[in-house]
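Enquirer: What follows is query.cif, mmCIF, C-alpha atoms (C1' of nucleotides).
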```
data_work
loop_
_atom_site.label_atom_id
_atom_site.label_comp_id
_atom_site.auth_asym_id
_atom_site.auth_seq_id
_atom_site.Cartn_x
_atom_site.Cartn_y
_atom_site.Cartn_z
CA MET D 4 -101.46 -51.19 67.12
CA LYS D 5 -100.17 -50.36 70.59
CA LEU D 6 -101.79 -47.67 72.73
CA ALA D 7 -99.79 -46.47 75.71
CA THR D 8 -100.25 -43.94 78.50
CA TRP D 9 -97.65 -42.51 80.88
CA ASN D 10 -97.71 -39.78 83.50
CA VAL D 11 -94.15 -38.52 83.07
CA ASN D 12 -94.10 -35.90 85.88
CA SER D 13 -92.36 -33.24 83.77
CA LEU D 14 -91.63 -33.97 80.12
CA ARG D 15 -88.48 -31.86 80.12
CA VAL D 16 -87.00 -33.90 82.95
CA ARG D 17 -88.21 -37.18 81.45
CA ILE D 18 -87.62 -36.63 77.73
CA GLU D 19 -84.77 -39.16 77.60
CA HIS D 20 -86.95 -41.74 79.36
CA VAL D 21 -89.79 -41.14 76.91
CA LEU D 22 -87.45 -41.50 73.93
CA ALA D 23 -85.72 -44.59 75.32
CA TRP D 24 -88.88 -46.37 76.40
CA SER D 25 -90.80 -45.63 73.20
CA ALA D 26 -87.83 -46.75 71.07
CA GLN D 27 -87.83 -49.99 73.04
CA VAL D 28 -91.54 -50.90 72.96
CA ARG D 29 -92.64 -48.90 69.91
CA PRO D 30 -96.16 -47.75 70.80
CA THR D 31 -98.30 -46.55 67.89
CA LEU D 32 -99.66 -43.81 70.11
CA LEU D 33 -98.39 -42.55 73.44
CA ALA D 34 -100.51 -40.34 75.71
CA LEU D 35 -98.53 -38.30 78.22
CA GLN D 36 -99.76 -36.51 81.34
CA GLU D 37 -98.16 -33.93 83.61
CA THR D 38 -95.92 -32.56 80.89
CA LYS D 39 -95.60 -29.47 83.17
CA VAL D 40 -94.46 -27.31 80.29
CA ALA D 41 -95.93 -24.42 78.31
CA ASP D 42 -96.51 -25.03 74.59
CA GLU D 43 -93.70 -22.54 73.76
CA ALA D 44 -91.16 -24.59 75.74
CA PHE D 45 -92.39 -28.00 74.58
CA PRO D 46 -89.49 -30.28 73.45
CA ALA D 47 -90.99 -30.61 69.98
CA GLU D 48 -87.69 -31.02 68.13
CA ALA D 49 -86.44 -34.05 70.06
CA LEU D 50 -89.78 -35.79 69.54
CA ALA D 51 -89.95 -34.89 65.85
CA GLU D 52 -86.43 -36.25 65.35
CA ALA D 53 -87.62 -39.51 66.88
CA GLY D 54 -90.38 -39.60 64.26
CA TRP D 55 -93.33 -38.58 66.41
CA GLN D 56 -96.23 -36.46 65.32
CA VAL D 57 -97.33 -34.53 68.37
CA LEU D 58 -100.24 -32.57 69.81
CA HIS D 59 -99.82 -30.78 73.13
CA ALA D 60 -102.09 -28.89 75.50
CA GLY D 61 -99.73 -27.38 78.02
CA GLN D 62 -99.42 -24.70 80.67
CA PRO D 63 -96.45 -23.59 82.79
CA ALA D 64 -95.53 -25.63 85.86
CA TYR D 65 -98.63 -27.78 86.27
CA ASN D 66 -100.77 -30.28 84.38
CA GLY D 67 -100.32 -30.52 80.61
CA VAL D 68 -101.16 -33.42 78.29
CA ALA D 69 -99.63 -34.52 75.00
CA VAL D 70 -100.35 -37.20 72.43
CA LEU D 71 -97.52 -38.70 70.37
CA GLY D 72 -98.45 -40.62 67.24
CA THR D 73 -96.58 -42.53 64.58
CA GLY D 74 -99.17 -41.27 62.08
CA PRO D 75 -101.39 -38.22 61.57
CA LEU D 76 -103.41 -37.01 64.55
CA GLU D 77 -106.55 -34.94 64.18
CA LEU D 78 -107.38 -32.69 67.12
CA LEU D 79 -110.86 -33.32 68.55
CA ALA D 80 -110.60 -31.31 71.79
CA ASP D 81 -107.80 -29.64 73.75
CA SER D 82 -109.81 -29.08 76.91
CA LEU D 83 -112.81 -30.70 78.58
CA PRO D 84 -115.79 -29.56 76.46
CA GLY D 85 -118.50 -27.69 78.32
CA PHE D 86 -116.45 -27.26 81.48
CA GLY D 87 -114.62 -23.95 81.03
CA ASP D 88 -111.48 -25.46 82.53
CA GLU D 89 -108.33 -23.34 82.66
CA GLN D 90 -106.23 -26.35 83.61
CA LYS D 91 -104.83 -28.39 80.73
CA ARG D 92 -106.03 -31.87 81.55
CA LEU D 93 -107.63 -33.30 78.42
CA LEU D 94 -106.56 -33.84 74.84
CA ALA D 95 -108.82 -35.77 72.49
CA VAL D 96 -107.54 -36.85 69.09
CA ARG D 97 -108.51 -39.07 66.19
CA MET D 98 -105.97 -41.47 64.73
CA GLY D 99 -107.47 -43.38 61.83
CA GLU D 100 -110.75 -44.88 63.01
CA VAL D 101 -109.93 -44.60 66.70
CA ALA D 102 -110.84 -41.68 68.95
CA ILE D 103 -108.44 -41.30 71.86
CA VAL D 104 -109.11 -39.18 74.93
CA ASN D 105 -106.01 -38.47 76.99
CA VAL D 106 -106.95 -37.42 80.53
CA TYR D 107 -105.16 -36.12 83.59
CA VAL D 108 -107.93 -36.29 86.15
CA PRO D 109 -107.52 -33.86 89.08
CA ASN D 110 -105.91 -35.32 92.19
CA GLY D 111 -108.48 -33.95 94.63
CA GLN D 112 -105.93 -33.28 97.40
CA ALA D 113 -108.18 -34.19 100.34
CA ILE D 114 -111.82 -35.11 100.83
CA GLY D 115 -114.00 -32.09 101.52
CA THR D 116 -111.70 -29.54 99.88
CA ASP D 117 -112.46 -27.33 96.89
CA LYS D 118 -110.04 -29.45 94.88
CA TYR D 119 -112.00 -32.58 95.76
CA ARG D 120 -115.24 -30.97 94.60
CA TYR D 121 -113.47 -29.82 91.42
CA LYS D 122 -112.35 -33.42 90.82
CA LEU D 123 -115.89 -34.80 91.12
CA GLU D 124 -117.31 -32.04 88.91
CA TRP D 125 -114.56 -32.63 86.37
CA LEU D 126 -115.44 -36.33 86.28
CA ASP D 127 -119.12 -35.46 85.77
CA ALA D 128 -118.22 -33.25 82.82
CA LEU D 129 -115.93 -35.97 81.45
CA ASN D 130 -118.81 -38.43 81.67
CA ALA D 131 -121.06 -36.09 79.69
CA TYR D 132 -118.39 -35.52 77.03
CA LEU D 133 -117.70 -39.24 76.66
CA ARG D 134 -121.39 -39.98 76.29
CA THR D 135 -121.43 -37.67 73.26
CA LEU D 136 -118.14 -38.98 71.90
CA LEU D 137 -119.29 -42.58 72.15
CA GLY D 138 -122.31 -41.60 70.08
CA ASP D 139 -120.02 -40.31 67.33
CA HIS D 140 -117.26 -42.97 67.35
CA GLU D 141 -117.37 -46.76 67.64
CA GLN D 142 -113.74 -47.20 68.57
CA VAL D 143 -112.85 -45.13 71.60
CA ALA D 144 -110.00 -45.28 74.10
CA VAL D 145 -110.00 -43.12 77.22
CA MET D 146 -106.57 -43.31 78.73
CA GLY D 147 -104.46 -41.53 81.25
CA ASP D 148 -103.96 -40.78 84.91
CA PHE D 149 -107.42 -41.11 86.47
CA ASN D 150 -106.19 -40.53 90.03
CA ILE D 151 -108.66 -43.24 91.12
CA ALA D 152 -107.84 -46.73 92.36
CA PRO D 153 -111.09 -48.44 91.31
CA GLU D 154 -111.06 -51.28 93.83
CA ASP D 155 -109.26 -52.33 97.01
CA ARG D 156 -107.16 -54.79 95.01
CA ASP D 157 -105.70 -51.75 93.25
CA VAL D 158 -104.32 -50.46 96.57
CA HIS D 159 -101.26 -51.88 98.34
CA ASP D 160 -102.71 -51.21 101.80
CA PRO D 161 -106.43 -50.39 101.70
CA ALA D 162 -106.62 -49.80 105.45
CA ALA D 163 -103.84 -47.22 105.33
CA TRP D 164 -105.55 -45.42 102.44
CA GLU D 165 -109.03 -45.40 103.93
CA GLY D 166 -110.43 -41.88 104.04
CA SER D 167 -108.03 -40.60 101.39
CA VAL D 168 -108.55 -39.25 97.93
CA LEU D 169 -107.98 -41.72 95.07
CA VAL D 170 -109.92 -44.43 96.92
CA SER D 171 -113.03 -42.63 98.25
CA GLU D 172 -116.44 -44.00 97.38
CA PRO D 173 -117.64 -40.95 95.39
CA GLU D 174 -114.51 -41.15 93.22
CA ARG D 175 -114.94 -44.87 92.71
CA GLN D 176 -118.60 -44.32 91.86
CA ALA D 177 -117.57 -41.71 89.28
CA PHE D 178 -115.18 -44.28 87.79
CA ARG D 179 -117.94 -46.90 87.66
CA ASP D 180 -120.18 -44.31 86.03
CA LEU D 181 -117.62 -44.06 83.21
CA LEU D 182 -117.78 -47.82 82.84
CA GLY D 183 -121.56 -47.43 82.83
CA LEU D 184 -121.24 -45.64 79.51
CA GLY D 185 -120.16 -48.96 78.03
CA LEU D 186 -116.43 -48.53 78.57
CA SER D 187 -114.37 -51.32 80.09
CA ASP D 188 -111.23 -51.22 82.23
CA SER D 189 -109.11 -53.03 79.64
CA PHE D 190 -106.48 -54.08 82.19
CA ARG D 191 -109.02 -56.24 84.00
CA ARG D 192 -110.13 -58.03 80.85
CA PHE D 193 -106.99 -60.15 81.18
CA GLU D 194 -105.35 -62.19 83.88
CA GLN D 195 -102.88 -59.96 85.72
CA PRO D 196 -100.28 -60.42 88.43
CA GLU D 197 -101.44 -59.88 92.01
CA GLN D 198 -100.57 -56.43 93.37
CA SER D 199 -100.29 -54.71 90.00
CA TYR D 200 -99.81 -50.98 90.41
CA SER D 201 -99.00 -48.03 88.16
CA TRP D 202 -97.85 -45.44 90.73
CA TRP D 203 -95.51 -45.65 93.72
CA ASP D 204 -94.63 -42.89 96.18
CA TYR D 205 -91.12 -41.49 95.79
CA ARG D 206 -90.80 -41.58 99.55
CA GLN D 207 -90.06 -44.55 101.78
CA ALA D 208 -88.79 -46.73 98.92
CA GLY D 209 -92.35 -47.13 97.71
CA PHE D 210 -91.41 -48.85 94.47
CA ARG D 211 -88.90 -51.26 95.96
CA ARG D 212 -91.50 -52.35 98.51
CA ASN D 213 -94.25 -52.32 95.85
CA ARG D 214 -96.35 -49.97 97.94
CA GLY D 215 -98.38 -48.62 95.05
CA LEU D 216 -101.75 -47.83 93.54
CA ARG D 217 -103.25 -48.66 90.17
CA ILE D 218 -104.55 -45.27 89.07
CA ASP D 219 -103.53 -45.14 85.39
CA HIS D 220 -106.04 -46.78 83.11
CA ILE D 221 -107.02 -47.50 79.52
CA LEU D 222 -110.79 -47.64 79.10
CA MET D 223 -112.18 -48.99 75.84
CA SER D 224 -115.45 -48.97 73.98
CA PRO D 225 -116.81 -52.44 73.13
CA ALA D 226 -115.64 -52.32 69.50
CA LEU D 227 -112.07 -51.50 70.55
CA ALA D 228 -112.02 -53.84 73.55
CA GLY D 229 -113.00 -56.66 71.21
CA ARG D 230 -109.77 -56.16 69.29
CA CYS D 231 -107.59 -55.87 72.40
CA ARG D 232 -105.27 -58.84 73.01
CA LYS D 233 -103.11 -57.71 75.91
CA VAL D 234 -102.79 -54.95 78.50
CA HIS D 235 -99.89 -54.61 80.88
CA ILE D 236 -98.10 -52.17 83.15
CA ASP D 237 -94.43 -51.84 82.26
CA THR D 238 -92.68 -51.32 85.58
CA GLU D 239 -89.20 -51.28 84.03
CA PRO D 240 -88.78 -47.52 83.57
CA ARG D 241 -89.91 -46.95 87.17
CA ALA D 242 -86.60 -48.56 88.17
CA TRP D 243 -84.51 -46.27 85.94
CA GLN D 244 -82.46 -43.41 87.35
CA ARG D 245 -84.52 -40.37 88.29
CA PRO D 246 -87.85 -41.92 87.22
CA SER D 247 -91.37 -40.66 86.99
CA ASP D 248 -93.42 -41.89 89.94
CA HIS D 249 -95.79 -43.53 87.41
CA ALA D 250 -95.18 -46.49 85.11
CA PRO D 251 -96.52 -46.66 81.55
CA VAL D 252 -99.57 -48.80 80.74
CA MET D 253 -99.87 -50.30 77.27
CA ALA D 254 -102.65 -52.04 75.36
CA GLU D 255 -102.05 -54.14 72.26
CA ILE D 256 -104.81 -54.03 69.65
CA GLU D 257 -105.19 -56.59 66.87
"C1'" DA P 7 -96.39 -38.55 111.87
"C1'" DT P 8 -100.73 -33.22 107.62
"C1'" DG P 9 -94.45 -36.02 106.65
"C1'" DG P 10 -90.94 -39.16 104.48
"C1'" DC P 11 -89.47 -37.28 97.62
"C1'" DT P 12 -89.78 -34.75 93.42
"C1'" DT P 13 -90.97 -30.92 90.38
"C1'" DA P 14 -91.58 -25.87 89.01
"C1'" DC P 15 -90.68 -21.25 89.96
"C1'" DA P 16 -87.92 -14.33 87.24
"C1'" DA P 17 -87.68 -19.47 93.32
"C1'" DC P 18 -83.11 -19.64 97.36
"C1'" DG P 19 -88.90 -21.49 100.44
"C1'" DT P 20 -93.43 -22.60 98.89
"C1'" DA P 21 -97.14 -25.15 96.48
"C1'" DA P 22 -98.58 -29.37 94.75
"C1'" DG P 23 -98.73 -34.01 93.79
"C1'" DA P 24 -100.73 -39.08 95.17
#
```
In structure tokens, how does this file's structure come out?

Expert:
Amino acid sequence: MKLATWNVNSLRVRIEHVLAWSAQVRPTLLALQETKVADEAFPAEALAEAGWQVLHAGQPAYNGVAVLGTGPLELLADSLPGFGDEQKRLLAVRMGEVAIVNVYVPNGQAIGTDKYRYKLEWLDALNAYLRTLLGDHEQVAVMGDFNIAPEDRDVHDPAAWEGSVLVSEPERQAFRDLLGLGLSDSFRRFEQPEQSYSWWDYRQAGFRRNRGLRIDHILMSPALAGRCRKVHIDTEPRAWQRPSDHAPVMAEIE
DNA sequence: ATGGCTTACAACGTAAGA
């Protein structure tokens, strides 16, 4: 089984990339973020033709999360339970024995803003939801765009990013609090190349110069992590024409 | 350098992302 996550920055713009990449690496389940499309305009047909079963929680213009599966998906939640969120940022599904939570964590914009407070509150509510979910399921994956670089080694230039969202201590503490539930950052369970990132700014040739951040993650419960044999960031589609600014992350499960 | 790209929007500049 292969579990993959990819912030596509508009599914309608990136549909050909999603189809080409998934045909190439054949994930069992693919979690997408920033679909940026209402459910009515979702490109369901193209995905169905490619053999995907799909669940989508979308809204016009912003946010939006989808889960693509090679087999049946049972909906567990299409928004963050107990949070009253109007933004479509969470989609939890069950595929076989595995519960998968697809998240698009708020960006936070800038420290001290309402959006920053919303981000920290959202992460608190996510923590509470995952605590419950982990009580109900042994095999859990929480995957998506967390908009948090957990450590300085996940940042191309920590000094330049100091004082910014994505690296601030309260955000990093919230990330560690998720790990405190018993989840592990599956990427770091394996030896990885130095300067591994999952997002690069479109501006200033960020990708070519590898000026990036590792902000897309696959967290796993102990039972699932024990079956995980490999996790990697596939930078290839980031070099394609008109790419998403994020690269997909994929975990291989025994 | 409060930007440098890219996306969406009943848009033709603005908001937002990271």

Enquirer: Mind giving me the straight-line distance from CA of Ala69 in chain D to CA of Leu33 in chain D in Å, one decimal?

Expert: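 We find that CA of Ala69 in chain D and CA of Leu33 in chain D lie 8.3 Å from each other.
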
Enquirer: May I ask which of the residues D:His249, D:Arg15, D:Arg230, D:His140 is the closest one to Trp203 in chain D, counting only C-alpha atoms?

Expert: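 For Trp203 in chain D, the nearest of the candidates is D:His249.
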
Enquirer: Could you make a table, as JSON lines, of the residues of chain D that have an atom within 10 Å of an atom of chain P, each with its nearest atom pair and distance in Å to one decimal, counting only C-alpha atoms (C1' of nucleotides), in chain and number order?

Expert:
```
{"residue": "D:Asn12", "atom": "CA", "partner": "P:DT13", "partner_atom": "C1'", "distance": 7.4}
{"residue": "D:Ser13", "atom": "CA", "partner": "P:DT13", "partner_atom": "C1'", "distance": 7.1}
{"residue": "D:Val16", "atom": "CA", "partner": "P:DT13", "partner_atom": "C1'", "distance": 8.9}
{"residue": "D:Lys39", "atom": "CA", "partner": "P:DA14", "partner_atom": "C1'", "distance": 8.0}
{"residue": "D:Val40", "atom": "CA", "partner": "P:DA14", "partner_atom": "C1'", "distance": 9.3}
{"residue": "D:Pro63", "atom": "CA", "partner": "P:DA14", "partner_atom": "C1'", "distance": 8.2}
{"residue": "D:Ala64", "atom": "CA", "partner": "P:DA14", "partner_atom": "C1'", "distance": 5.1}
{"residue": "D:Tyr65", "atom": "CA", "partner": "P:DA14", "partner_atom": "C1'", "distance": 7.8}
{"residue": "D:Pro109", "atom": "CA", "partner": "P:DG23", "partner_atom": "C1'", "distance": 10.0}
{"residue": "D:Asn110", "atom": "CA", "partner": "P:DA24", "partner_atom": "C1'", "distance": 7.1}
{"residue": "D:Gly111", "atom": "CA", "partner": "P:DA24", "partner_atom": "C1'", "distance": 9.3}
{"residue": "D:Gln112", "atom": "CA", "partner": "P:DG23", "partner_atom": "C1'", "distance": 8.1}
{"residue": "D:Asn150", "atom": "CA", "partner": "P:DA24", "partner_atom": "C1'", "distance": 7.6}
{"residue": "D:Ile151", "atom": "CA", "partner": "P:DA24", "partner_atom": "C1'", "distance": 9.8}
{"residue": "D:Ser167", "atom": "CA", "partner": "P:DA24", "partner_atom": "C1'", "distance": 9.7}
{"residue": "D:Val168", "atom": "CA", "partner": "P:DA24", "partner_atom": "C1'", "distance": 8.3}
{"residue": "D:Leu169", "atom": "CA", "partner": "P:DA24", "partner_atom": "C1'", "distance": 7.7}
{"residue": "D:Trp202", "atom": "CA", "partner": "P:DA24", "partner_atom": "C1'", "distance": 8.3}
{"residue": "D:Trp203", "atom": "CA", "partner": "P:DA24", "partner_atom": "C1'", "distance": 8.5}
{"residue": "D:Asp204", "atom": "CA", "partner": "P:DA24", "partner_atom": "C1'", "distance": 7.3}
{"residue": "D:Tyr205", "atom": "CA", "partner": "P:DC11", "partner_atom": "C1'", "distance": 4.9}
{"residue": "D:Arg206", "atom": "CA", "partner": "P:DC11", "partner_atom": "C1'", "distance": 4.9}
{"residue": "D:Gln207", "atom": "CA", "partner": "P:DG10", "partner_atom": "C1'", "distance": 6.1}
{"residue": "D:Ala208", "atom": "CA", "partner": "P:DC11", "partner_atom": "C1'", "distance": 9.6}
{"residue": "D:Gly215", "atom": "CA", "partner": "P:DA24", "partner_atom": "C1'", "distance": 9.8}
{"residue": "D:Leu216", "atom": "CA", "partner": "P:DA24", "partner_atom": "C1'", "distance": 9.0}
{"residue": "D:Ile218", "atom": "CA", "partner": "P:DA24", "partner_atom": "C1'", "distance": 9.5}
{"residue": "D:Arg245", "atom": "CA", "partner": "P:DT12", "partner_atom": "C1'", "distance": 9.3}
{"residue": "D:Pro246", "atom": "CA", "partner": "P:DT12", "partner_atom": "C1'", "distance": 9.7}
{"residue": "D:Ser247", "atom": "CA", "partner": "P:DT12", "partner_atom": "C1'", "distance": 8.9}
{"residue": "D:Asp248", "atom": "CA", "partner": "P:DT12", "partner_atom": "C1'", "distance": 8.7}
```

Enquirer: Within 7 Å of range 122-133 of chain D, counting only C-alpha atoms (C1' of nucleotides), which residues show up once you throw out same-chain ones fewer than 2 positions away? Write them as number ranges by chain, please.

Expert: D: 83-84, 86, 109-111, 118-120, 135-137, 174, 177, 181

Enquirer: Residues as selected, C-alpha atoms, written as a PDB file, in the frame of the given file, can you do that?

Expert:
```pdb
ATOM      1  CA  LEU D  83    -112.810 -30.700  78.580  1.00  0.00           C
ATOM      2  CA  PRO D  84    -115.790 -29.560  76.460  1.00  0.00           C
ATOM      3  CA  PHE D  86    -116.450 -27.260  81.480  1.00  0.00           C
ATOM      4  CA  PRO D 109    -107.520 -33.860  89.080  1.00  0.00           C
ATOM      5  CA  ASN D 110    -105.910 -35.320  92.190  1.00  0.00           C
ATOM      6  CA  GLY D 111    -108.480 -33.950  94.630  1.00  0.00           C
ATOM      7  CA  LYS D 118    -110.040 -29.450  94.880  1.00  0.00           C
ATOM      8  CA  TYR D 119    -112.000 -32.580  95.760  1.00  0.00           C
ATOM      9  CA  ARG D 120    -115.240 -30.970  94.600  1.00  0.00           C
ATOM     10  CA  THR D 135    -121.430 -37.670  73.260  1.00  0.00           C
ATOM     11  CA  LEU D 136    -118.140 -38.980  71.900  1.00  0.00           C
ATOM     12  CA  LEU D 137    -119.290 -42.580  72.150  1.00  0.00           C
ATOM     13  CA  GLU D 174    -114.510 -41.150  93.220  1.00  0.00           C
ATOM     14  CA  ALA D 177    -117.570 -41.710  89.280  1.00  0.00           C
ATOM     15  CA  LEU D 181    -117.620 -44.060  83.210  1.00  0.00           C
TER      16      LEU D 181
END
```

Enquirer: Work out how far CA of Ile256 in chain D is from CA of Leu182 in chain D, in Å to one decimal.

Expert: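 Between these atoms lies a distance of 19.5 Å.
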
Enquirer: Translate the PyMOL selection byres ((chain D and resi 232-244) around 6) into a concrete residue list for this structure, as a PyMOL selection string.

Expert: chain D and resi 190+231+245-246+250-256

Enquirer: I would like the residues chosen by the PyMOL selection byres ((chain D and resi 146) around 6) on the shown file; could you give them as a list in words?

Expert: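 Selection result, ordered by chain and number: Asn105, Val145, Gly147, His220 and Ile221 of chain D.
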
Enquirer: Applying the PyMOL selection byres ((chain D and resi 224) around 6) to the file I just gave you, which residues come out? Please list them as a list in words.

Expert: Gln142, Val143, Leu186, Met223, Pro225, Ala226, Leu227 and Ala228 of chain D

Enquirer: Pull C-alpha atoms from the residues just selected and write them as a CSV table (one decimal), in the frame of the given file.

Expert:
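selection-v5.csv was written with the following content:
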```csv
chain,number,residue,atom,x,y,z
D,142,GLN,CA,-113.7,-47.2,68.6
D,143,VAL,CA,-112.8,-45.1,71.6
D,186,LEU,CA,-116.4,-48.5,78.6
D,223,MET,CA,-112.2,-49.0,75.8
D,225,PRO,CA,-116.8,-52.4,73.1
D,226,ALA,CA,-115.6,-52.3,69.5
D,227,LEU,CA,-112.1,-51.5,70.6
D,228,ALA,CA,-112.0,-53.8,73.6
```

Enquirer: Just to confirm, what's the straight-line distance from CA of Ile18 in chain D to CA of Arg214 in chain D in Å (one decimal)?

Expert: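 Computing it gives 25.7 Å between the two atoms.
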
Enquirer: Please provide as a PyMOL selection string all residues within 6 Å of range 152-155 of chain D, with the sequence filter that same-chain residues fewer than 3 positions apart are discarded (counting only C-alpha atoms (C1' of nucleotides)).

Expert: chain D and resi 158+161+169-170+175+217-218
